[in-house]
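Asker: What follows is work_9.cif, made up of mmCIF, N, CA, C and O atoms and all ligand atoms:
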```cif
data_input
#
loop_
_atom_site.label_atom_id
_atom_site.label_comp_id
_atom_site.auth_asym_id
_atom_site.auth_seq_id
_atom_site.Cartn_x
_atom_site.Cartn_y
_atom_site.Cartn_z
N MET A 1 14.90 102.19 86.05
CA MET A 1 15.42 102.71 87.32
C MET A 1 14.40 103.69 87.92
O MET A 1 13.85 104.51 87.20
N PRO A 2 14.16 103.60 89.23
CA PRO A 2 13.23 104.56 89.84
C PRO A 2 13.77 105.99 89.73
O PRO A 2 14.98 106.19 89.52
N LYS A 3 12.88 106.92 89.88
CA LYS A 3 13.27 108.33 89.92
C LYS A 3 12.85 108.91 91.25
O LYS A 3 11.94 108.41 91.90
N MET A 4 13.53 109.98 91.65
CA MET A 4 13.07 110.73 92.82
C MET A 4 13.35 112.19 92.58
O MET A 4 14.12 112.56 91.69
N THR A 5 12.67 113.03 93.36
CA THR A 5 12.80 114.47 93.19
C THR A 5 13.33 115.11 94.46
O THR A 5 12.84 114.81 95.55
N PHE A 6 14.33 115.94 94.29
CA PHE A 6 14.82 116.78 95.39
C PHE A 6 14.30 118.19 95.18
O PHE A 6 14.41 118.72 94.06
N ILE A 7 13.75 118.81 96.22
CA ILE A 7 13.40 120.22 96.14
C ILE A 7 14.49 120.99 96.89
O ILE A 7 14.65 120.81 98.10
N GLU A 8 15.26 121.76 96.14
CA GLU A 8 16.40 122.43 96.74
C GLU A 8 15.96 123.63 97.57
O GLU A 8 14.80 124.02 97.56
N ARG A 9 16.91 124.21 98.29
CA ARG A 9 16.57 125.27 99.24
C ARG A 9 15.95 126.49 98.57
O ARG A 9 15.20 127.23 99.17
N ASP A 10 16.29 126.70 97.31
CA ASP A 10 15.70 127.85 96.60
C ASP A 10 14.40 127.46 95.88
O ASP A 10 13.86 128.26 95.12
N GLY A 11 13.92 126.25 96.13
CA GLY A 11 12.65 125.83 95.55
C GLY A 11 12.78 125.10 94.22
O GLY A 11 11.79 124.61 93.68
N THR A 12 14.00 125.00 93.69
CA THR A 12 14.21 124.29 92.44
C THR A 12 13.92 122.80 92.62
O THR A 12 14.41 122.19 93.57
N ARG A 13 13.12 122.25 91.72
CA ARG A 13 12.85 120.80 91.77
C ARG A 13 13.81 120.09 90.83
O ARG A 13 13.97 120.48 89.68
N ARG A 14 14.46 119.07 91.33
CA ARG A 14 15.39 118.29 90.49
C ARG A 14 14.98 116.84 90.50
O ARG A 14 15.09 116.17 91.53
N GLU A 15 14.50 116.35 89.35
CA GLU A 15 14.16 114.94 89.25
C GLU A 15 15.41 114.19 88.79
O GLU A 15 16.03 114.59 87.80
N VAL A 16 15.76 113.14 89.51
CA VAL A 16 16.99 112.41 89.18
C VAL A 16 16.71 110.91 89.14
O VAL A 16 15.75 110.43 89.76
N ASP A 17 17.56 110.18 88.40
CA ASP A 17 17.51 108.72 88.45
C ASP A 17 18.03 108.27 89.81
O ASP A 17 19.02 108.80 90.30
N ALA A 18 17.34 107.30 90.39
CA ALA A 18 17.65 106.90 91.76
C ALA A 18 17.96 105.40 91.78
O ALA A 18 17.05 104.57 91.84
N PRO A 19 19.25 105.03 91.73
CA PRO A 19 19.60 103.60 91.68
C PRO A 19 19.07 102.84 92.90
O PRO A 19 19.15 103.33 94.04
N LEU A 20 18.54 101.65 92.64
CA LEU A 20 18.03 100.80 93.72
C LEU A 20 19.13 100.50 94.72
O LEU A 20 20.28 100.27 94.34
N GLY A 21 18.78 100.49 96.00
CA GLY A 21 19.73 100.09 97.03
C GLY A 21 20.59 101.21 97.56
O GLY A 21 21.27 101.04 98.56
N LEU A 22 20.56 102.36 96.90
CA LEU A 22 21.30 103.51 97.43
C LEU A 22 20.38 104.29 98.36
O LEU A 22 19.17 104.31 98.20
N SER A 23 20.98 104.96 99.34
CA SER A 23 20.18 105.80 100.22
C SER A 23 19.93 107.15 99.55
O SER A 23 20.65 107.54 98.61
N VAL A 24 18.94 107.86 100.06
CA VAL A 24 18.64 109.19 99.53
C VAL A 24 19.87 110.10 99.67
O VAL A 24 20.17 110.90 98.78
N MET A 25 20.61 109.93 100.75
CA MET A 25 21.83 110.73 100.93
C MET A 25 22.86 110.39 99.84
O MET A 25 23.46 111.29 99.24
N GLU A 26 23.02 109.10 99.55
CA GLU A 26 23.98 108.71 98.51
C GLU A 26 23.53 109.19 97.13
O GLU A 26 24.34 109.59 96.30
N ILE A 27 22.23 109.13 96.89
CA ILE A 27 21.70 109.58 95.60
C ILE A 27 21.95 111.09 95.45
O ILE A 27 22.36 111.56 94.39
N ALA A 28 21.74 111.83 96.53
CA ALA A 28 21.99 113.27 96.48
C ALA A 28 23.45 113.53 96.10
O ALA A 28 23.75 114.36 95.24
N HIS A 29 24.36 112.80 96.73
CA HIS A 29 25.78 113.01 96.44
C HIS A 29 26.11 112.65 94.99
O HIS A 29 26.82 113.38 94.31
N LEU A 30 25.53 111.53 94.54
CA LEU A 30 25.77 111.07 93.17
C LEU A 30 25.29 112.10 92.15
O LEU A 30 25.90 112.29 91.10
N ARG A 31 24.20 112.79 92.46
CA ARG A 31 23.58 113.72 91.51
C ARG A 31 23.96 115.18 91.77
O ARG A 31 23.37 116.08 91.17
N GLY A 32 24.86 115.41 92.71
CA GLY A 32 25.31 116.78 92.95
C GLY A 32 24.32 117.66 93.68
O GLY A 32 24.34 118.88 93.55
N VAL A 33 23.43 117.02 94.46
CA VAL A 33 22.49 117.79 95.27
C VAL A 33 23.18 118.14 96.59
O VAL A 33 23.89 117.31 97.17
N ASP A 34 22.97 119.35 97.06
CA ASP A 34 23.70 119.86 98.22
C ASP A 34 23.12 119.36 99.55
O ASP A 34 22.54 120.10 100.31
N LEU A 35 23.25 118.06 99.77
CA LEU A 35 22.83 117.47 101.04
C LEU A 35 24.08 116.91 101.69
O LEU A 35 24.83 116.17 101.06
N GLU A 36 24.28 117.28 102.95
CA GLU A 36 25.47 116.76 103.63
C GLU A 36 25.24 115.32 104.05
O GLU A 36 24.17 114.75 103.84
N GLY A 37 26.19 114.76 104.70
CA GLY A 37 26.08 113.41 105.22
C GLY A 37 27.37 113.17 105.96
O GLY A 37 28.16 112.31 105.61
N ALA A 38 27.55 113.97 107.00
CA ALA A 38 28.86 114.06 107.64
C ALA A 38 29.34 112.72 108.17
O ALA A 38 30.54 112.45 108.16
N CYS A 39 28.43 111.88 108.65
CA CYS A 39 28.89 110.61 109.23
C CYS A 39 28.77 109.47 108.23
O CYS A 39 28.96 108.31 108.60
N GLU A 40 28.42 109.77 107.00
CA GLU A 40 28.31 108.78 105.93
C GLU A 40 27.37 107.64 106.27
O GLU A 40 27.63 106.47 105.98
N GLY A 41 26.28 108.00 106.91
CA GLY A 41 25.22 107.01 107.10
C GLY A 41 25.32 106.17 108.34
O GLY A 41 24.65 105.14 108.44
N SER A 42 26.14 106.57 109.31
CA SER A 42 26.24 105.74 110.50
C SER A 42 25.42 106.28 111.67
O SER A 42 25.71 105.97 112.82
N LEU A 43 24.41 107.09 111.38
CA LEU A 43 23.48 107.58 112.40
C LEU A 43 24.19 108.32 113.53
O LEU A 43 23.85 108.17 114.68
N ALA A 44 25.18 109.11 113.15
CA ALA A 44 25.92 109.85 114.16
C ALA A 44 25.88 111.35 113.90
O ALA A 44 26.66 112.10 114.46
N CYS A 45 25.00 111.79 113.03
CA CYS A 45 24.85 113.21 112.77
C CYS A 45 23.41 113.44 112.34
O CYS A 45 22.63 112.50 112.28
N SER A 46 23.06 114.66 112.00
CA SER A 46 21.72 114.85 111.43
C SER A 46 21.82 115.73 110.19
O SER A 46 20.85 116.37 109.80
N THR A 47 23.00 115.74 109.60
CA THR A 47 23.22 116.64 108.46
C THR A 47 22.60 116.11 107.17
O THR A 47 22.60 116.81 106.17
N CYS A 48 22.09 114.87 107.20
CA CYS A 48 21.44 114.33 106.01
C CYS A 48 19.92 114.49 106.11
O CYS A 48 19.17 113.86 105.38
N HIS A 49 19.48 115.35 107.03
CA HIS A 49 18.06 115.62 107.25
C HIS A 49 17.35 116.05 105.96
O HIS A 49 17.81 116.96 105.28
N VAL A 50 16.26 115.36 105.65
CA VAL A 50 15.41 115.78 104.53
C VAL A 50 13.96 115.80 105.02
O VAL A 50 13.60 115.12 105.99
N ILE A 51 13.14 116.58 104.33
CA ILE A 51 11.72 116.66 104.67
C ILE A 51 10.95 115.94 103.57
O ILE A 51 10.97 116.35 102.41
N VAL A 52 10.33 114.84 103.95
CA VAL A 52 9.65 113.98 102.99
C VAL A 52 8.29 114.60 102.63
O VAL A 52 7.60 115.12 103.50
N ASP A 53 7.93 114.52 101.35
CA ASP A 53 6.61 114.98 100.94
C ASP A 53 5.57 114.19 101.74
O ASP A 53 5.63 112.97 101.79
N PRO A 54 4.60 114.88 102.37
CA PRO A 54 3.62 114.17 103.20
C PRO A 54 2.92 113.04 102.46
O PRO A 54 2.59 112.01 103.05
N ASP A 55 2.72 113.19 101.16
CA ASP A 55 2.05 112.13 100.38
C ASP A 55 2.90 110.87 100.27
O ASP A 55 2.39 109.80 99.95
N ASP A 56 4.20 111.01 100.49
CA ASP A 56 5.10 109.86 100.34
C ASP A 56 5.40 109.17 101.66
O ASP A 56 5.96 108.08 101.68
N LEU A 57 5.03 109.81 102.75
CA LEU A 57 5.48 109.34 104.05
C LEU A 57 5.05 107.90 104.33
O LEU A 57 5.82 107.09 104.85
N GLU A 58 3.83 107.56 103.94
CA GLU A 58 3.35 106.21 104.29
C GLU A 58 4.05 105.11 103.50
O GLU A 58 3.96 103.95 103.86
N ARG A 59 4.75 105.48 102.46
CA ARG A 59 5.50 104.46 101.70
C ARG A 59 6.81 104.10 102.38
O ARG A 59 7.46 103.13 102.01
N LEU A 60 7.24 104.91 103.33
CA LEU A 60 8.53 104.66 103.99
C LEU A 60 8.37 103.77 105.21
O LEU A 60 7.32 103.76 105.84
N ASN A 61 9.42 103.04 105.54
CA ASN A 61 9.43 102.30 106.80
C ASN A 61 9.45 103.29 107.95
O ASN A 61 9.89 104.42 107.81
N GLU A 62 8.97 102.83 109.11
CA GLU A 62 9.04 103.66 110.30
C GLU A 62 10.50 103.95 110.64
O GLU A 62 11.35 103.05 110.49
N PRO A 63 10.81 105.15 111.12
CA PRO A 63 12.19 105.40 111.55
C PRO A 63 12.54 104.58 112.79
O PRO A 63 11.67 104.30 113.62
N SER A 64 13.78 104.20 112.89
CA SER A 64 14.24 103.48 114.09
C SER A 64 14.36 104.48 115.23
O SER A 64 14.37 105.69 115.02
N GLU A 65 14.49 103.95 116.44
CA GLU A 65 14.67 104.84 117.59
C GLU A 65 15.93 105.68 117.45
O GLU A 65 15.94 106.86 117.80
N ASP A 66 16.99 105.06 116.96
CA ASP A 66 18.24 105.80 116.78
C ASP A 66 18.05 106.95 115.80
O ASP A 66 18.57 108.04 116.01
N GLU A 67 17.31 106.67 114.73
CA GLU A 67 17.06 107.75 113.76
C GLU A 67 16.26 108.87 114.42
O GLU A 67 16.56 110.05 114.25
N GLU A 68 15.24 108.50 115.19
CA GLU A 68 14.43 109.54 115.84
C GLU A 68 15.26 110.38 116.80
O GLU A 68 15.09 111.59 116.88
N ASP A 69 16.16 109.70 117.53
CA ASP A 69 17.01 110.44 118.48
C ASP A 69 17.86 111.46 117.74
O ASP A 69 18.03 112.60 118.18
N MET A 70 18.42 111.05 116.60
CA MET A 70 19.26 111.96 115.82
C MET A 70 18.43 113.10 115.23
O MET A 70 18.85 114.25 115.20
N LEU A 71 17.23 112.74 114.76
CA LEU A 71 16.37 113.76 114.16
C LEU A 71 16.01 114.85 115.16
O LEU A 71 15.85 116.02 114.78
N ASP A 72 15.90 114.47 116.43
CA ASP A 72 15.58 115.48 117.45
C ASP A 72 16.60 116.61 117.46
O ASP A 72 16.32 117.70 117.91
N LEU A 73 17.80 116.32 116.98
CA LEU A 73 18.86 117.33 116.97
C LEU A 73 18.89 118.14 115.67
O LEU A 73 19.65 119.08 115.53
N ALA A 74 18.06 117.75 114.72
CA ALA A 74 18.13 118.38 113.40
C ALA A 74 17.52 119.78 113.43
O ALA A 74 16.51 120.02 114.09
N PHE A 75 18.13 120.66 112.70
CA PHE A 75 17.63 122.03 112.58
C PHE A 75 16.42 122.03 111.64
O PHE A 75 16.44 121.40 110.59
N GLY A 76 15.36 122.73 112.04
CA GLY A 76 14.20 122.84 111.16
C GLY A 76 13.38 121.57 111.07
O GLY A 76 12.77 121.27 110.05
N LEU A 77 13.33 120.82 112.18
CA LEU A 77 12.60 119.56 112.21
C LEU A 77 11.12 119.74 111.90
O LEU A 77 10.49 120.69 112.38
N THR A 78 10.57 118.85 111.09
CA THR A 78 9.13 118.89 110.80
C THR A 78 8.52 117.50 111.05
O THR A 78 9.24 116.53 111.28
N GLU A 79 7.20 117.44 110.94
CA GLU A 79 6.48 116.17 111.13
C GLU A 79 6.95 115.08 110.17
O GLU A 79 6.86 113.91 110.48
N THR A 80 7.40 115.48 109.01
CA THR A 80 7.77 114.48 108.01
C THR A 80 9.28 114.42 107.78
O THR A 80 9.74 113.95 106.76
N SER A 81 10.04 114.91 108.77
CA SER A 81 11.50 114.87 108.65
C SER A 81 12.02 113.44 108.77
O SER A 81 11.51 112.65 109.57
N ARG A 82 13.02 113.13 107.99
CA ARG A 82 13.72 111.84 108.07
C ARG A 82 15.20 112.08 107.81
O ARG A 82 15.59 113.14 107.32
N LEU A 83 16.01 111.06 108.12
CA LEU A 83 17.42 111.14 107.77
C LEU A 83 17.61 110.49 106.40
O LEU A 83 17.22 109.33 106.19
N GLY A 84 18.22 111.24 105.51
CA GLY A 84 18.35 110.77 104.13
C GLY A 84 19.15 109.48 104.00
O GLY A 84 18.92 108.69 103.08
N CYS A 85 20.08 109.26 104.93
CA CYS A 85 20.89 108.05 104.80
C CYS A 85 20.13 106.80 105.23
O CYS A 85 20.61 105.70 105.05
N GLN A 86 18.95 107.00 105.82
CA GLN A 86 18.18 105.85 106.31
C GLN A 86 17.03 105.48 105.37
O GLN A 86 16.28 104.55 105.63
N ILE A 87 16.88 106.24 104.29
CA ILE A 87 15.85 105.91 103.30
C ILE A 87 16.54 105.23 102.14
O ILE A 87 17.34 105.85 101.44
N ILE A 88 16.28 103.95 101.96
CA ILE A 88 16.94 103.18 100.91
C ILE A 88 15.98 103.04 99.72
O ILE A 88 14.81 102.68 99.90
N MET A 89 16.49 103.36 98.55
CA MET A 89 15.64 103.36 97.36
C MET A 89 15.19 101.95 96.97
O MET A 89 16.00 101.03 96.92
N THR A 90 13.90 101.81 96.76
CA THR A 90 13.32 100.55 96.27
C THR A 90 12.37 100.91 95.13
O THR A 90 12.04 102.09 94.94
N GLU A 91 11.91 99.90 94.39
CA GLU A 91 10.94 100.16 93.32
C GLU A 91 9.69 100.84 93.88
O GLU A 91 9.09 101.69 93.24
N GLU A 92 9.32 100.46 95.10
CA GLU A 92 8.11 101.03 95.71
C GLU A 92 8.25 102.53 95.97
O GLU A 92 7.25 103.23 96.10
N LEU A 93 9.47 103.00 96.06
CA LEU A 93 9.67 104.43 96.35
C LEU A 93 9.85 105.27 95.09
O LEU A 93 10.17 106.46 95.17
N ASP A 94 9.61 104.65 93.93
CA ASP A 94 9.70 105.41 92.68
C ASP A 94 8.83 106.67 92.78
O ASP A 94 7.68 106.59 93.21
N GLY A 95 9.41 107.81 92.45
CA GLY A 95 8.64 109.06 92.48
C GLY A 95 8.71 109.79 93.82
O GLY A 95 8.08 110.83 94.00
N LEU A 96 9.50 109.26 94.74
CA LEU A 96 9.66 109.90 96.06
C LEU A 96 10.10 111.37 95.90
O LEU A 96 10.94 111.68 95.06
N THR A 97 9.52 112.24 96.71
CA THR A 97 9.92 113.65 96.71
C THR A 97 10.36 114.05 98.11
O THR A 97 9.65 113.80 99.08
N VAL A 98 11.54 114.65 98.20
CA VAL A 98 12.03 115.16 99.49
C VAL A 98 12.53 116.60 99.30
O VAL A 98 13.03 116.96 98.24
N ARG A 99 12.37 117.38 100.34
CA ARG A 99 12.79 118.78 100.32
C ARG A 99 14.01 118.92 101.23
O ARG A 99 14.08 118.27 102.28
N LEU A 100 14.95 119.75 100.84
CA LEU A 100 16.09 120.01 101.72
C LEU A 100 15.64 121.02 102.78
O LEU A 100 14.92 121.96 102.47
N PRO A 101 16.04 120.81 104.03
CA PRO A 101 15.63 121.74 105.10
C PRO A 101 16.36 123.06 104.96
O PRO A 101 17.32 123.18 104.19
N PRO A 102 15.91 124.08 105.71
CA PRO A 102 16.62 125.38 105.66
C PRO A 102 18.09 125.17 106.01
O PRO A 102 18.43 124.30 106.79
N ASP A 103 18.93 125.98 105.41
CA ASP A 103 20.37 125.84 105.61
C ASP A 103 20.75 126.35 106.98
O ASP A 103 20.54 127.51 107.30
N THR A 104 21.34 125.47 107.80
CA THR A 104 21.73 125.87 109.14
C THR A 104 22.75 127.01 109.09
O THR A 104 22.83 127.83 109.98
N ARG A 105 23.53 127.04 107.98
CA ARG A 105 24.56 128.07 107.90
C ARG A 105 23.95 129.46 107.71
O ARG A 105 24.61 130.46 107.92
N ASP A 106 22.68 129.50 107.27
CA ASP A 106 22.01 130.79 107.12
C ASP A 106 21.19 131.19 108.35
O ASP A 106 20.59 132.23 108.38
N ALA A 107 21.16 130.28 109.32
CA ALA A 107 20.31 130.53 110.48
C ALA A 107 20.91 131.65 111.35
O ALA A 107 22.06 131.57 111.77
N ARG A 108 20.11 132.64 111.62
CA ARG A 108 20.56 133.72 112.48
C ARG A 108 19.48 134.00 113.53
O ARG A 108 18.31 134.02 113.21
N ASN A 109 19.92 134.20 114.75
CA ASN A 109 19.00 134.50 115.85
C ASN A 109 17.90 133.43 115.95
O ASN A 109 16.77 133.73 116.25
N GLY A 110 18.25 132.20 115.71
CA GLY A 110 17.30 131.09 115.84
C GLY A 110 16.26 131.18 114.76
O GLY A 110 15.19 130.66 114.87
S1 LIG B 201 24.74 110.90 107.30
FE1 LIG B 201 24.90 111.07 109.43
S2 LIG B 201 22.99 110.38 110.13
FE2 LIG B 201 22.80 110.32 107.98
#
```
Would you write the structure of this file as structure tokens?
Answerer:
Amino acid sequence: MPKMTFIERDGTRREVDAPLGLSVMEIAHLRGVDLEGACEGSLACSTCHVIVDPDDLERLNEPSEDEEDMLDLAFGLTETSRLGCQIIMTEELDGLTVRLPPDTRDARNG
């Protein structure tokens, strides 16, 4: 089974088993990582926002226009931001690393 790493908001790295065919958002939920996914993968929120390690970005498919539109609304957007529910685990993504963005609930004064 492939593995992937989540870097939590406090910098903790968590390497987890990542079942094929599940999205990064689903894997986070399965492994108890604190990533939301309010719309459960239907591209209607941006709470599953993750920041992909720049070294891994070229292994991912290009985001769809709908994903990009949603990402524009995400807090703490970066060059390598993606929606976790749109990244589906494959053998090629073994070793993928994503960071959780800053917590919107902690955001004060922008
Ligand atoms: S869970 Fe809503 S867009 Fe990913």
Asker: My list of candidates is A:Asp66, A:Glu91, A:Glu58, A:Glu40. Which is closest to ligand LIG 201 (chain B) when distances are computed with only C-alpha atoms and all ligand atoms?
Answerer: A:Glu40
Asker: So which residues of chain A fall under strand (DSSP E) by DSSP, listed as a list of chain:residue names?
Answerer: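 Across chain A, those assigned strand (DSSP E) are A:Lys3, A:Met4, A:Thr5, A:Phe6, A:Ile7, A:Arg13, A:Arg14, A:Glu15, A:Val16, A:Asp17, A:His49, A:Val50, A:Ile51, A:Val52, A:Ser81, A:Arg82, A:Leu83, A:Leu96, A:Thr97, A:Val98, A:Arg99.
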Asker: Export N, CA, C and O atoms of the chosen residues as a compact mmCIF listing (two decimals), in the coordinates of the input?
Answerer:
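The result, written out as result02.txt:
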```txt
# COMPACT_ATOMS: atom_id res chain seq x y z
N LYS A 3 12.88 106.92 89.88
CA LYS A 3 13.27 108.33 89.92
C LYS A 3 12.85 108.91 91.25
O LYS A 3 11.94 108.41 91.90
N MET A 4 13.53 109.98 91.65
CA MET A 4 13.07 110.73 92.82
C MET A 4 13.35 112.19 92.58
O MET A 4 14.12 112.56 91.69
N THR A 5 12.67 113.03 93.36
CA THR A 5 12.80 114.47 93.19
C THR A 5 13.33 115.11 94.46
O THR A 5 12.84 114.81 95.55
N PHE A 6 14.33 115.94 94.29
CA PHE A 6 14.82 116.78 95.39
C PHE A 6 14.30 118.19 95.18
O PHE A 6 14.41 118.72 94.06
N ILE A 7 13.75 118.81 96.22
CA ILE A 7 13.40 120.22 96.14
C ILE A 7 14.49 120.99 96.89
O ILE A 7 14.65 120.81 98.10
N ARG A 13 13.12 122.25 91.72
CA ARG A 13 12.85 120.80 91.77
C ARG A 13 13.81 120.09 90.83
O ARG A 13 13.97 120.48 89.68
N ARG A 14 14.46 119.07 91.33
CA ARG A 14 15.39 118.29 90.49
C ARG A 14 14.98 116.84 90.50
O ARG A 14 15.09 116.17 91.53
N GLU A 15 14.50 116.35 89.35
CA GLU A 15 14.16 114.94 89.25
C GLU A 15 15.41 114.19 88.79
O GLU A 15 16.03 114.59 87.80
N VAL A 16 15.76 113.14 89.51
CA VAL A 16 16.99 112.41 89.18
C VAL A 16 16.71 110.91 89.14
O VAL A 16 15.75 110.43 89.76
N ASP A 17 17.56 110.18 88.40
CA ASP A 17 17.51 108.72 88.45
C ASP A 17 18.03 108.27 89.81
O ASP A 17 19.02 108.80 90.30
N HIS A 49 19.48 115.35 107.03
CA HIS A 49 18.06 115.62 107.25
C HIS A 49 17.35 116.05 105.96
O HIS A 49 17.81 116.96 105.28
N VAL A 50 16.26 115.36 105.65
CA VAL A 50 15.41 115.78 104.53
C VAL A 50 13.96 115.80 105.02
O VAL A 50 13.60 115.12 105.99
N ILE A 51 13.14 116.58 104.33
CA ILE A 51 11.72 116.66 104.67
C ILE A 51 10.95 115.94 103.57
O ILE A 51 10.97 116.35 102.41
N VAL A 52 10.33 114.84 103.95
CA VAL A 52 9.65 113.98 102.99
C VAL A 52 8.29 114.60 102.63
O VAL A 52 7.60 115.12 103.50
N SER A 81 10.04 114.91 108.77
CA SER A 81 11.50 114.87 108.65
C SER A 81 12.02 113.44 108.77
O SER A 81 11.51 112.65 109.57
N ARG A 82 13.02 113.13 107.99
CA ARG A 82 13.72 111.84 108.07
C ARG A 82 15.20 112.08 107.81
O ARG A 82 15.59 113.14 107.32
N LEU A 83 16.01 111.06 108.12
CA LEU A 83 17.42 111.14 107.77
C LEU A 83 17.61 110.49 106.40
O LEU A 83 17.22 109.33 106.19
N LEU A 96 9.50 109.26 94.74
CA LEU A 96 9.66 109.90 96.06
C LEU A 96 10.10 111.37 95.90
O LEU A 96 10.94 111.68 95.06
N THR A 97 9.52 112.24 96.71
CA THR A 97 9.92 113.65 96.71
C THR A 97 10.36 114.05 98.11
O THR A 97 9.65 113.80 99.08
N VAL A 98 11.54 114.65 98.20
CA VAL A 98 12.03 115.16 99.49
C VAL A 98 12.53 116.60 99.30
O VAL A 98 13.03 116.96 98.24
N ARG A 99 12.37 117.38 100.34
CA ARG A 99 12.79 118.78 100.32
C ARG A 99 14.01 118.92 101.23
O ARG A 99 14.08 118.27 102.28
```
Asker: Grab the atom N of Ile7 in chain A to atom N of Asp34 in chain A distance for me, in Å with one decimal place.
Answerer: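 Taking atom N of Ile7 in chain A and atom N of Asp34 in chain A, their separation equals 9.3 Å.
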Asker: Please measure the separation of CA of Glu92 in chain A and CA of Asp10 in chain A, giving the value in Å to one decimal.
Answerer: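 CA of Asp10 in chain A lies 27.9 Å from CA of Glu92 in chain A.
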Asker: Using Å and a single decimal, report how far atom O of Arg31 in chain A sits from atom N of Cys48 in chain A.
Answerer: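 One can read the atom N of Cys48 in chain A to atom O of Arg31 in chain A distance as 16.1 Å.
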Asker: Which of these, A:Val50, A:Gln86, A:Cys45, A:Arg99, has the shortest distance to Glu62 in chain A once you count all atoms listed in the file?
Answerer: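 Of all the options, A:Gln86 lies closest to Glu62 in chain A.
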Asker: Of the candidates A:Ser81, A:Ser64, A:Thr97, A:Thr12, which shows the shortest atom-to-atom distance to His49 in chain A, using only C-alpha atoms?
Answerer: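 Selected residue with least distance to His49 in chain A: A:Ser81.
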Asker: Throw together the list of residues within 5 Å of ligand LIG 201 (chain B), counting only N, CA, C and O atoms and all ligand atoms, and drop it here as number ranges by chain.
Answerer: A: 37-46, 48, 85
Asker: In terms of the shortest atom-to-atom distance over all atoms listed in the file, which of A:Gly84, A:Gly76, A:Met70, A:Pro101 is closest to Ile27 in chain A?
Answerer: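 Selected residue with least distance to Ile27 in chain A: A:Gly84.
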Asker: Could you tell me which of A:Val98, A:Gly32, A:Thr78, A:Gly21 comes closest to Val52 in chain A if we count only C-alpha atoms?
Answerer: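 Going through A:Val98, A:Gly32, A:Thr78, A:Gly21 one by one, the smallest distance to Val52 in chain A is for A:Val98.
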Asker: Enumerate, as a list of chain:residue names, the complete set of residues in chain A that a backbone-based DSSP assignment places in alpha helix (DSSP H).
Answerer: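 The alpha helix (DSSP H) subset of chain A is A:Val24, A:Met25, A:Glu26, A:Ile27, A:Ala28, A:His29, A:Leu30, A:Glu65, A:Asp66, A:Glu67, A:Glu68, A:Asp69, A:Met70, A:Leu71.
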Asker: Residues within 8 Å of Ser23 in chain A, please, as JSON, numbers by chain. Count all atoms listed in the file; anything in the same chain fewer than 2 positions from it doesn't count.
Answerer: {"A": [18, 19, 20, 21, 25, 26, 27, 28, 29, 30, 83, 84, 85, 86, 87, 88, 89]}
Asker: Let me make sure I understand: among A:Asp103, A:Val16, A:Gly95, A:Arg9, which one has the smallest atom-to-atom distance to Asp53 in chain A if we use only C-alpha atoms?
Answerer: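 Of all the options, A:Gly95 lies closest to Asp53 in chain A.
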